[in-house]
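Note: the block below is entry.txt and it holds compact mmCIF, C-alpha atoms.
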```txt
# COMPACT_ATOMS: atom_id res chain seq x y z
CA MET A 1 -43.87 16.60 2.11
CA ALA A 2 -40.29 16.61 3.19
CA LYS A 3 -38.94 13.13 2.93
CA LYS A 4 -36.13 12.39 5.29
CA ILE A 5 -32.95 11.75 3.33
CA PRO A 6 -31.20 8.73 4.77
CA GLU A 7 -27.70 9.36 6.05
CA ILE A 8 -24.87 8.11 3.88
CA PRO A 9 -23.23 5.22 5.66
CA SER A 10 -19.71 6.08 6.70
CA ALA A 11 -18.67 2.58 7.62
CA SER A 12 -16.67 2.16 4.40
CA LEU A 13 -14.86 5.45 4.89
CA ALA A 14 -12.07 3.75 6.79
CA ASP A 15 -11.63 1.17 4.04
CA ILE A 16 -11.36 3.81 1.35
CA ALA A 17 -8.88 5.78 3.40
CA PHE A 18 -6.88 2.63 4.03
CA MET A 19 -6.75 1.90 0.33
CA LEU A 20 -5.43 5.37 -0.44
CA LEU A 21 -2.98 5.11 2.43
CA ILE A 22 -1.60 1.84 1.14
CA PHE A 23 -1.26 3.30 -2.34
CA PHE A 24 0.80 6.19 -1.05
CA LEU A 25 2.81 3.94 1.23
CA VAL A 26 3.80 1.82 -1.72
CA THR A 27 4.58 4.62 -4.15
CA THR A 28 6.41 6.86 -1.72
CA THR A 29 10.17 7.21 -1.82
CA MET A 30 11.42 8.73 1.36
CA ASP A 31 15.03 9.19 0.39
CA VAL A 32 16.13 12.77 0.08
CA ASP A 33 18.52 13.28 -2.76
CA SER A 34 21.94 14.00 -1.45
CA GLY A 35 25.41 13.94 -2.83
CA LEU A 36 28.80 15.56 -3.10
CA GLU A 37 28.41 19.14 -4.12
CA ARG A 38 31.10 20.52 -6.40
CA ARG A 39 31.61 23.50 -8.62
CA LEU A 40 33.15 23.02 -12.03
CA PRO A 41 35.66 25.57 -13.27
CA GLN A 42 34.71 27.96 -16.01
CA TRP A 43 35.00 26.63 -19.51
CA GLN A 44 38.12 27.83 -21.28
CA ASP A 45 38.54 27.51 -24.98
CA PRO A 46 41.72 25.50 -25.56
CA ASP A 47 42.68 27.79 -28.46
CA GLU A 48 42.42 30.98 -26.50
CA GLN A 49 44.11 29.75 -23.38
CA ASN A 50 46.50 32.39 -22.21
CA ASP A 51 49.36 31.14 -20.13
CA ASP A 52 49.94 34.36 -18.26
CA THR A 53 49.30 32.83 -14.89
CA PRO A 54 52.56 32.01 -13.18
CA PRO A 55 53.13 28.32 -12.67
CA ILE A 56 52.28 27.00 -9.23
CA ARG A 57 55.35 26.11 -7.23
CA GLU A 58 56.02 22.49 -6.57
CA ARG A 59 55.55 22.73 -2.81
CA ASN A 60 52.15 24.35 -3.22
CA ILE A 61 50.61 21.56 -5.17
CA PHE A 62 49.27 18.27 -3.87
CA ILE A 63 49.05 15.84 -6.74
CA VAL A 64 46.57 13.01 -6.55
CA LEU A 65 46.54 10.58 -9.43
CA VAL A 66 44.11 7.72 -9.94
CA ASP A 67 44.96 5.23 -12.66
CA LYS A 68 42.72 2.95 -14.63
CA PHE A 69 43.16 0.12 -12.14
CA ASP A 70 41.84 2.47 -9.45
CA ARG A 71 45.24 2.72 -7.82
CA LEU A 72 46.02 5.91 -6.03
CA MET A 73 49.26 7.85 -6.19
CA VAL A 74 49.66 10.84 -3.91
CA GLU A 75 52.72 13.08 -4.28
CA GLY A 76 54.60 10.32 -6.07
CA LYS A 77 53.80 7.64 -3.50
CA ILE A 78 51.23 4.87 -3.67
CA MET A 79 48.61 5.36 -1.00
CA ASP A 80 45.36 3.87 0.23
CA VAL A 81 42.18 5.92 0.11
CA GLU A 82 41.94 5.59 3.90
CA ASP A 83 45.15 7.56 4.39
CA LEU A 84 44.29 10.26 1.88
CA ARG A 85 42.25 12.39 4.25
CA GLU A 86 45.04 12.73 6.79
CA ALA A 87 47.60 13.49 4.08
CA ALA A 88 45.38 16.14 2.52
CA LYS A 89 44.69 17.69 5.92
CA GLU A 90 48.37 17.89 6.73
CA PHE A 91 49.03 19.46 3.36
CA MET A 92 46.33 22.09 3.64
CA ALA A 93 47.01 22.98 7.26
CA ASN A 94 50.82 22.76 7.28
CA PRO A 95 50.88 23.22 11.06
CA TYR A 96 54.69 23.32 11.49
CA ASP A 97 55.45 25.47 8.42
CA ASP A 98 57.31 22.63 6.80
CA GLU A 99 59.41 23.63 3.84
CA ASN A 100 57.97 20.95 1.62
CA LEU A 101 54.39 21.86 2.42
CA PRO A 102 52.62 24.92 0.98
CA GLU A 103 53.57 28.49 1.70
CA LYS A 104 51.31 30.78 3.63
CA GLU A 105 50.29 34.25 2.74
CA ILE A 106 49.46 36.66 5.55
CA GLN A 107 45.95 37.97 5.09
CA ASP A 108 43.71 40.13 7.21
CA VAL A 109 40.62 38.06 7.91
CA PRO A 110 37.66 39.37 9.93
CA TYR A 111 37.37 37.78 13.41
CA PHE A 112 40.90 36.38 13.11
CA GLY A 113 43.17 39.31 12.28
CA PRO A 114 46.27 38.65 10.23
CA VAL A 115 46.67 34.93 9.65
CA GLY A 116 48.60 32.79 7.24
CA VAL A 117 46.37 31.52 4.48
CA THR A 118 47.67 28.50 2.67
CA LYS A 119 48.52 28.76 -0.99
CA GLY A 120 48.13 25.02 -1.43
CA VAL A 121 46.14 23.56 -4.26
CA ILE A 122 44.99 19.97 -4.48
CA SER A 123 45.26 18.67 -7.98
CA LEU A 124 43.18 15.63 -8.82
CA ARG A 125 43.78 13.81 -12.04
CA ASN A 126 42.11 10.62 -13.13
CA ASP A 127 42.47 8.25 -16.02
CA VAL A 128 39.68 7.76 -18.54
CA GLY A 129 39.46 4.19 -17.29
CA THR A 130 39.08 5.04 -13.60
CA SER A 131 35.81 3.83 -12.15
CA TYR A 132 33.37 6.45 -11.01
CA GLY A 133 33.03 4.85 -7.58
CA LYS A 134 36.74 5.26 -6.89
CA TYR A 135 36.68 8.80 -8.19
CA ILE A 136 33.88 9.68 -5.80
CA ALA A 137 35.69 7.97 -2.94
CA VAL A 138 38.77 10.13 -3.61
CA GLN A 139 36.71 13.29 -4.04
CA ASN A 140 34.91 12.46 -0.83
CA GLU A 141 38.16 12.19 1.13
CA LEU A 142 39.46 15.48 -0.28
CA VAL A 143 36.23 17.34 0.45
CA GLY A 144 36.18 15.63 3.84
CA ALA A 145 39.69 16.84 4.63
CA ILE A 146 38.70 20.45 3.99
CA ASN A 147 35.45 20.07 5.90
CA ASP A 148 37.37 18.58 8.83
CA LEU A 149 39.82 21.48 8.89
CA ARG A 150 36.98 24.01 8.78
CA GLU A 151 35.21 22.17 11.55
CA GLU A 152 38.33 22.12 13.73
CA LEU A 153 39.00 25.80 13.18
CA SER A 154 35.40 26.65 13.91
CA LYS A 155 35.42 24.63 17.14
CA SER A 156 38.65 26.19 18.38
CA LYS A 157 37.74 29.77 17.46
CA PHE A 158 34.00 30.01 17.99
CA GLY A 159 33.37 26.92 20.07
CA LYS A 160 30.58 25.61 17.88
CA PRO A 161 30.20 23.58 14.70
CA PHE A 162 30.78 25.22 11.33
CA ASN A 163 27.16 24.84 10.30
CA ASP A 164 25.94 26.84 13.29
CA LEU A 165 28.05 29.88 12.48
CA ASN A 166 26.62 32.91 10.77
CA LYS A 167 27.44 33.85 7.21
CA GLU A 168 30.35 36.20 8.04
CA GLN A 169 32.00 33.70 10.34
CA GLN A 170 31.65 30.95 7.76
CA ASP A 171 33.13 33.20 5.10
CA ALA A 172 36.08 34.02 7.36
CA ILE A 173 36.79 30.33 7.88
CA LYS A 174 36.35 29.66 4.20
CA THR A 175 39.01 32.29 3.48
CA ILE A 176 41.46 30.64 5.83
CA VAL A 177 40.71 27.10 4.68
CA PRO A 178 39.96 27.48 0.99
CA SER A 179 38.44 24.62 -0.95
CA LYS A 180 40.96 24.49 -3.73
CA ILE A 181 40.54 21.22 -5.50
CA SER A 182 41.47 21.51 -9.11
CA GLU A 183 40.68 18.82 -11.60
CA ALA A 184 42.96 18.50 -14.53
CA GLU A 185 41.73 17.47 -17.92
CA PRO A 186 41.52 13.69 -17.87
CA LYS A 187 44.26 11.84 -19.65
CA ARG A 188 46.06 8.58 -19.45
CA VAL A 189 48.15 8.45 -16.31
CA GLY A 190 49.98 5.18 -16.64
CA GLY A 191 48.85 1.67 -16.09
CA ASN A 192 48.02 1.32 -19.74
CA MET B 1 -32.00 -29.20 63.00
CA PHE B 2 -34.15 -28.83 59.94
CA HIS B 3 -34.27 -25.14 60.31
CA GLN B 4 -30.52 -24.91 60.46
CA LYS B 5 -30.12 -26.90 57.27
CA SER B 6 -32.44 -24.71 55.30
CA GLN B 7 -30.56 -21.67 56.40
CA LYS B 8 -27.28 -23.18 55.28
CA LEU B 9 -28.76 -23.86 51.86
CA ASN B 10 -30.02 -20.37 51.64
CA LEU B 11 -26.61 -19.07 52.36
CA LYS B 12 -25.12 -21.22 49.61
CA GLU B 13 -27.71 -20.08 47.15
CA TRP B 14 -27.10 -16.50 48.10
CA GLU B 15 -23.39 -16.94 47.49
CA GLU B 16 -24.05 -18.39 44.08
CA ILE B 17 -26.29 -15.56 43.08
CA LYS B 18 -23.73 -13.08 44.26
CA MET B 19 -20.96 -14.76 42.26
CA SER B 20 -22.94 -14.91 39.06
CA LYS B 21 -24.03 -11.35 39.45
CA PHE B 22 -20.46 -10.20 40.02
CA LYS B 23 -19.19 -12.05 36.98
CA LYS B 24 -21.91 -10.75 34.79
CA SER B 25 -21.41 -7.18 35.82
CA SER B 26 -17.66 -7.38 35.21
CA SER B 27 -18.10 -8.50 31.60
CA LYS B 28 -20.66 -5.83 31.04
CA GLU B 29 -18.35 -3.02 32.12
CA LEU B 30 -15.83 -3.54 29.22
CA PRO B 31 -17.36 -1.83 26.19
CA PRO B 32 -15.97 -2.46 22.69
CA ILE B 33 -13.36 0.07 21.54
CA SER B 34 -14.96 2.68 19.40
CA THR B 35 -13.79 2.62 15.81
CA ALA B 36 -15.36 5.93 14.98
CA SER B 37 -11.99 7.71 15.08
CA LEU B 38 -10.30 5.12 12.89
CA PRO B 39 -10.97 6.99 9.64
CA ASP B 40 -9.57 10.14 11.19
CA ILE B 41 -6.36 8.39 12.18
CA VAL B 42 -6.01 6.78 8.80
CA PHE B 43 -6.67 10.08 7.06
CA MET B 44 -4.00 11.72 9.16
CA LEU B 45 -1.48 9.08 8.09
CA LEU B 46 -2.70 9.42 4.52
CA PHE B 47 -2.11 13.16 4.49
CA PHE B 48 1.33 12.70 5.96
CA PHE B 49 2.31 10.33 3.19
CA MET B 50 0.67 12.44 0.50
CA VAL B 51 2.64 15.47 1.58
CA SER B 52 5.96 13.75 2.07
CA THR B 53 5.81 11.67 -1.08
CA THR B 54 7.64 12.62 -4.20
CA MET B 55 6.38 11.01 -7.33
CA ARG B 56 9.11 9.84 -9.62
CA GLU B 57 8.68 11.82 -12.80
CA VAL B 58 10.94 9.81 -15.03
CA THR B 59 10.97 6.10 -15.56
CA LEU B 60 14.52 4.92 -15.28
CA LYS B 61 15.77 3.09 -18.31
CA VAL B 62 19.23 2.61 -16.92
CA GLN B 63 20.15 0.84 -13.74
CA MET B 64 22.71 2.20 -11.34
CA THR B 65 24.14 1.76 -7.91
CA LEU B 66 25.13 5.10 -6.55
CA PRO B 67 28.58 5.36 -4.96
CA GLN B 68 28.96 5.84 -1.25
CA ALA B 69 30.24 8.99 0.39
CA THR B 70 30.29 10.67 3.79
CA GLU B 71 30.50 14.38 3.00
CA LEU B 72 26.99 14.67 1.69
CA SER B 73 24.94 17.78 1.25
CA LYS B 74 21.24 17.63 0.61
CA LEU B 75 19.54 18.96 -2.46
CA GLU B 76 17.26 21.43 -0.78
CA LYS B 77 15.08 22.74 -3.56
CA LYS B 78 13.81 20.03 -5.84
CA SER B 79 12.55 22.53 -8.39
CA LEU B 80 16.06 23.77 -9.10
CA VAL B 81 17.55 20.38 -9.80
CA SER B 82 17.89 18.78 -13.19
CA TYR B 83 18.99 15.19 -13.37
CA ILE B 84 21.35 13.33 -15.64
CA TYR B 85 21.40 9.56 -15.33
CA VAL B 86 24.25 7.36 -16.43
CA GLY B 87 24.23 3.59 -16.16
CA THR B 88 23.88 0.33 -17.98
CA PRO B 89 20.55 -0.01 -19.83
CA HIS B 90 17.85 -2.19 -18.30
CA LYS B 91 17.41 -5.73 -19.62
CA GLN B 92 14.65 -4.91 -22.08
CA PHE B 93 16.70 -2.15 -23.71
CA GLN B 94 19.96 -4.06 -23.91
CA LYS B 95 19.21 -5.40 -27.35
CA ALA B 96 18.91 -1.92 -28.78
CA TYR B 97 21.43 -0.06 -26.71
CA GLY B 98 23.97 -2.66 -25.62
CA THR B 99 25.38 -3.14 -22.15
CA GLU B 100 27.75 -0.20 -22.13
CA PRO B 101 26.76 2.70 -19.85
CA GLN B 102 24.35 5.11 -21.48
CA ILE B 103 23.15 8.59 -20.66
CA GLN B 104 19.50 9.12 -19.92
CA LEU B 105 17.86 12.53 -20.02
CA ASN B 106 14.21 12.77 -19.05
CA ASP B 107 12.64 9.60 -20.43
CA GLU B 108 14.97 9.00 -23.32
CA PHE B 109 18.37 7.60 -23.95
CA ALA B 110 20.67 10.36 -25.09
CA THR B 111 24.16 11.07 -26.28
CA LEU B 112 26.60 13.76 -25.28
CA ARG B 113 25.37 15.94 -28.13
CA ASP B 114 21.94 16.18 -26.52
CA ILE B 115 23.31 17.69 -23.31
CA PRO B 116 23.39 21.35 -24.46
CA ASP B 117 19.78 21.16 -25.63
CA TYR B 118 18.73 19.52 -22.42
CA ILE B 119 20.44 22.15 -20.25
CA THR B 120 18.94 24.94 -22.36
CA ALA B 121 15.49 23.40 -22.07
CA GLU B 122 15.89 23.03 -18.31
CA ARG B 123 16.95 26.67 -18.07
CA GLU B 124 13.99 27.81 -20.13
CA ALA B 125 11.64 25.99 -17.82
CA ARG B 126 12.81 27.96 -14.78
CA ALA B 127 12.08 31.53 -13.87
CA GLU B 128 14.75 34.07 -14.73
CA GLU B 129 15.83 34.68 -11.14
CA GLU B 130 16.14 30.98 -10.38
CA ARG B 131 18.48 30.16 -13.23
CA PRO B 132 21.78 31.03 -11.52
CA LEU B 133 20.85 28.74 -8.63
CA MET B 134 20.25 25.66 -10.73
CA ILE B 135 22.01 22.46 -9.81
CA THR B 136 22.70 19.52 -12.05
CA SER B 137 22.56 16.24 -10.22
CA LEU B 138 24.62 13.46 -11.73
CA LYS B 139 23.27 10.04 -10.93
CA VAL B 140 26.00 7.80 -12.15
CA ASP B 141 26.57 4.11 -11.58
CA GLU B 142 29.68 3.48 -9.52
CA PHE B 143 31.19 1.06 -12.04
CA THR B 144 31.01 3.49 -14.92
CA LYS B 145 34.35 4.45 -16.40
CA MET B 146 35.35 8.06 -15.90
CA LYS B 147 35.53 8.78 -19.62
CA ILE B 148 31.82 9.25 -20.00
CA VAL B 149 31.64 11.31 -16.79
CA SER B 150 34.54 13.53 -17.85
CA ASP B 151 32.97 14.15 -21.24
CA LEU B 152 29.71 14.96 -19.51
CA LYS B 153 31.47 17.43 -17.24
CA GLN B 154 33.15 19.11 -20.18
CA GLU B 155 29.76 19.55 -21.85
CA LEU B 156 28.35 21.03 -18.66
CA ARG B 157 31.28 23.40 -18.43
CA LYS B 158 30.69 24.53 -21.97
CA MET B 159 27.08 25.22 -21.09
CA ALA B 160 28.19 27.04 -17.92
CA ALA B 161 26.14 24.69 -15.76
CA LEU B 162 28.89 24.68 -13.16
CA HIS B 163 27.04 23.80 -10.02
CA ILE B 164 26.85 20.03 -9.90
CA ASN B 165 26.08 17.38 -7.37
CA TYR B 166 27.48 13.86 -7.55
CA SER B 167 24.54 11.95 -6.22
CA SER B 168 25.64 9.36 -3.69
CA ARG B 169 24.44 7.27 -0.82
CA LYS B 170 25.35 7.77 2.80
CA LYS B 171 28.22 5.54 3.72
CA THR B 172 27.38 3.12 6.47
CA ASP B 173 30.17 2.17 8.81
CA TYR B 174 30.36 -1.34 10.01
```

Mind turning the file's structure into structure tokens?
Amino acid sequence: MAKKIPEIPSASLADIAFMLLIFFLVTTTMDVDSGLERRLPQWQDPDEQNDDTPPIRERNIFIVLVDKFDRLMVEGKIMDVEDLREAAKEFMANPYDDENLPEKEIQDVPYFGPVGVTKGVISLRNDVGTSYGKYIAVQNELVGAINDLREELSKSKFGKPFNDLNKEQQDAIKTIVPSKISEAEPKRVGGN
Amino acid sequence: MFHQKSQKLNLKEWEEIKMSKFKKSSSKELPPISTASLPDIVFMLLFFFMVSTTMREVTLKVQMTLPQATELSKLEKKSLVSYIYVGTPHKQFQKAYGTEPQIQLNDEFATLRDIPDYITAEREARAEEERPLMITSLKVDEFTKMKIVSDLKQELRKMAALHINYSSRKKTDY
């Protein structure tokens, strides 16, 4: 005799689902991790350091110092972080071939033909007492300056943002606007 | 005369009946909203949150406020990222570890000497072909002095973990 199995009541289904939903709502963290992406230079043993590389000429180097009171000195002058981006952009681009700004080396770049590629290097040096927040603010401005220049070049040459270009086009722009930010070994830079 | 009166009454009555009938029918035509699809909707939301959620694997023992920046790039592949936390220890650990910024790896407080082991362990945990793509994310409190960060970076350079990401928040302009 087949007995009719009573149907399982589904009235509480919504409650159970709500409970799970609330659990996930509470535990979820929506923030995507993001940050400044950098590449560290290769490790060099201090004992084996060979000084064969010719010294960089004075005009080709953009010195940024941050002291332990978070003060900023750019090319021997005290500067605010707000002005750093413009200064770094002018240095890297050198639009009027100023004698005090970096030299350019003519290179054959795909899409562009022979163009002058800057030899400029940004040198960032911080004190051991510099706060990390300031350091990131300075790094951010320097990275921002290079990103801005790439963006401008991309807009004027290809008419679209840098991120929308294909790999070859991006590489060409990266050759013309290199991301040369060198970080010196930290040491005391005054303000002691 | 009498006849006329009765007719008038009838008319009134008729009107009343009509009114009541109309009212009644109007309230009858609005059925309650069916809640049968409620579980489905809730389940849909539930799945959305289940998929988008990322469970925090480590319990933070240090507290930090990340610095602000504008030139952010996202960490695309979570599986390739290993985290290093630096910040002042939480209240309950301050007795043992002091208030100076400390390094935290996985669930434990660590020192600079533990970094090589940690990086090696993180490398071992990844597949061979993924190892060159690994990123180290530095989650450092913005008031930390650079000494600890510089030392950390030197250790990472020694271990050839060169691709790093200074974790920071999006700067909001006012």

Atom CA of A:Asp98 to atom CA of A:Gly116 measures 13.4 Å

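You will find atom CA of A:Thr27 at 18.5 Å from atom CA of A:Asp15.
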
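Residues from chain B that have an atom within 6 Å of chain A, counting all atoms listed in the file, are B:Pro39, B:Leu46, B:Thr53, B:Pro67, B:Ala69, B:Glu71, B:Leu72, B:Ser73, B:Lys74, B:Leu75, B:Glu142, B:Phe143, B:Thr144, B:Lys145, B:Met146, B:Lys147, B:Arg157, B:Lys158, B:Leu162, B:His163, B:Ile164, B:Asn165, B:Tyr166, B:Ser167, B:Ser168.
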
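Using all atoms listed in the file, the nearest neighbour of A:Leu124 within the list A:Ile8, A:Leu165, A:Leu65, A:Leu153 is A:Leu65.
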
One decimal place gives the atom CA of B:Glu108-atom CA of B:Gln154 separation as 21.0 Å

May I have the residues within 10 Å of A:Pro178 as an mmCIF file with C-alpha atoms, keeping the file's coordinate frame, using all atoms listed in the file and disregarding those fewer than 2 positions away in the same chain?
```
data_model
loop_
_atom_site.group_PDB
_atom_site.id
_atom_site.type_symbol
_atom_site.label_atom_id
_atom_site.label_comp_id
_atom_site.auth_asym_id
_atom_site.auth_seq_id
_atom_site.Cartn_x
_atom_site.Cartn_y
_atom_site.Cartn_z
ATOM 1 C CA MET A 92 46.330 22.090 3.640
ATOM 2 C CA VAL A 117 46.370 31.520 4.480
ATOM 3 C CA THR A 118 47.670 28.500 2.670
ATOM 4 C CA LYS A 119 48.520 28.760 -0.990
ATOM 5 C CA GLY A 120 48.130 25.020 -1.430
ATOM 6 C CA VAL A 121 46.140 23.560 -4.260
ATOM 7 C CA ILE A 146 38.700 20.450 3.990
ATOM 8 C CA ASN A 147 35.450 20.070 5.900
ATOM 9 C CA LEU A 149 39.820 21.480 8.890
ATOM 10 C CA ARG A 150 36.980 24.010 8.780
ATOM 11 C CA ASP A 171 33.130 33.200 5.100
ATOM 12 C CA ALA A 172 36.080 34.020 7.360
ATOM 13 C CA ILE A 173 36.790 30.330 7.880
ATOM 14 C CA LYS A 174 36.350 29.660 4.200
ATOM 15 C CA THR A 175 39.010 32.290 3.480
ATOM 16 C CA ILE A 176 41.460 30.640 5.830
ATOM 17 C CA LYS A 180 40.960 24.490 -3.730
ATOM 18 C CA ILE A 181 40.540 21.220 -5.500
#
```

Axis-aligned box for stretch 77-86 of chain A, 5 Å per side, centre and edges in Å as JSON:
```
{"center_x": 47.9, "center_y": 8.3, "center_z": 1.6, "size_x": 21.9, "size_y": 18.9, "size_z": 20.5}
```

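The list of residues with at least one atom within 9 Å of B:Arg126, based on only C-alpha atoms and without residues fewer than 6 positions apart in the same chain, reads Ser79, Leu80 and Met134 of chain B.
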
Sphere at (31.0, 15.1, -23.2), radius 12 Å, counting all atoms listed in the file: residues as a PyMOL selection string
(chain A and resi 186) or (chain B and resi 103+110-116+146-159)

Got a sec: who's within 9 Å of B:Val62, counting only C-alpha atoms, leaving out chain neighbours fewer than 6 positions off, as an mmCIF file with C-alpha atoms, keeping the file's coordinate frame?
```cif
data_model
loop_
_atom_site.group_PDB
_atom_site.id
_atom_site.type_symbol
_atom_site.label_atom_id
_atom_site.label_comp_id
_atom_site.auth_asym_id
_atom_site.auth_seq_id
_atom_site.Cartn_x
_atom_site.Cartn_y
_atom_site.Cartn_z
ATOM 1 C CA TYR B 85 21.400 9.560 -15.330
ATOM 2 C CA VAL B 86 24.250 7.360 -16.430
ATOM 3 C CA GLY B 87 24.230 3.590 -16.160
ATOM 4 C CA THR B 88 23.880 0.330 -17.980
ATOM 5 C CA PRO B 89 20.550 -0.010 -19.830
ATOM 6 C CA HIS B 90 17.850 -2.190 -18.300
ATOM 7 C CA LYS B 91 17.410 -5.730 -19.620
ATOM 8 C CA PHE B 93 16.700 -2.150 -23.710
ATOM 9 C CA PRO B 101 26.760 2.700 -19.850
ATOM 10 C CA GLN B 102 24.350 5.110 -21.480
ATOM 11 C CA ILE B 103 23.150 8.590 -20.660
ATOM 12 C CA GLN B 104 19.500 9.120 -19.920
ATOM 13 C CA PHE B 109 18.370 7.600 -23.950
#
```

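Comparing A:Ser156, A:Gln169, A:Asn163, A:Ser123 by their smallest distance to A:Phe91, the closest is A:Ser123 (using all atoms listed in the file).
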
Non-local contacts of B:Gln92 (12 Å; only C-alpha atoms; under 3 positions in same chain excluded) as number ranges by chain:
B: 60-63, 88-89, 95-99
